[in-house]
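*Asks:* Here you go, one structure.
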Amino acid sequence: MMMDDDALDRALAALPLDGPPADLQQRILARTVYAPRAAFRGWELWFIAIAAALIGWLGWLVLSAPHAQERVADALARLIAVSGLDSMSTVLWLAAGVSATWWIVQLSVPDRRRRIEVR
């Protein structure tokens with residue numbers, strides 16, 4: 001037996017349906033708008049986990065290998081010498097640049113709004 005659209009609509013409208021629960025709106029709002037935000041985003045959690053794993057692994061590597069502390073200190077000393085950070089003038093210029101960059105980023109410049117001319 002084939003039903004046309006009108007008969008199908010009448011049959012659907014005649015079905016006895018239950019009303020929504022009394023607290024439906026509050027439950028929807030509690031799950032969406034008023035839901036607590038996560039303390040960290042997903043990428044931040046991944047970054048923290050990877051950094052913690054690397055720090056733990058490097059710590060274990062340094063503490064378990066013989067003379068590893070000396071090799072790490074020597075590698076750091078070479079890195080500082082190669083980068084030029086052993087010179088006091090380089091460190092001062094780097095500090096001045098970082099400080100200037102920080103203060104420029106913190107500046108708040110008022111936004112100029114364009115005026116709309118009404119004719």
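If you're wondering about the labels, chains in the structure tokens are A, B, ... by order shown, residues count from 1 in each chain, ligands from 1 in order shown.
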Check the DSSP output for the backbone and give back, as JSON, numbers by chain, the residues of chain A in alpha helix (DSSP H).

*Replies:* {"A": [5, 6, 7, 8, 9, 10, 11, 12, 13, 24, 25, 26, 27, 28, 29, 30, 31, 42, 43, 44, 45, 46, 47, 48, 49, 50, 51, 52, 53, 54, 55, 56, 57, 58, 59, 60, 61, 62, 63, 64, 68, 69, 70, 71, 72, 73, 74, 75, 76, 77, 78, 79, 80, 81, 82, 83, 88, 89, 90, 91, 92, 93, 94, 95, 96, 97, 98, 99, 100, 101, 102, 103, 104, 105, 106]}

*Asks:* May I ask for the distance between CA of Thr101 in chain A and CA of Leu85 in chain A, given in Å to one decimal place?

*Replies:*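 The value is 19.1 Å.
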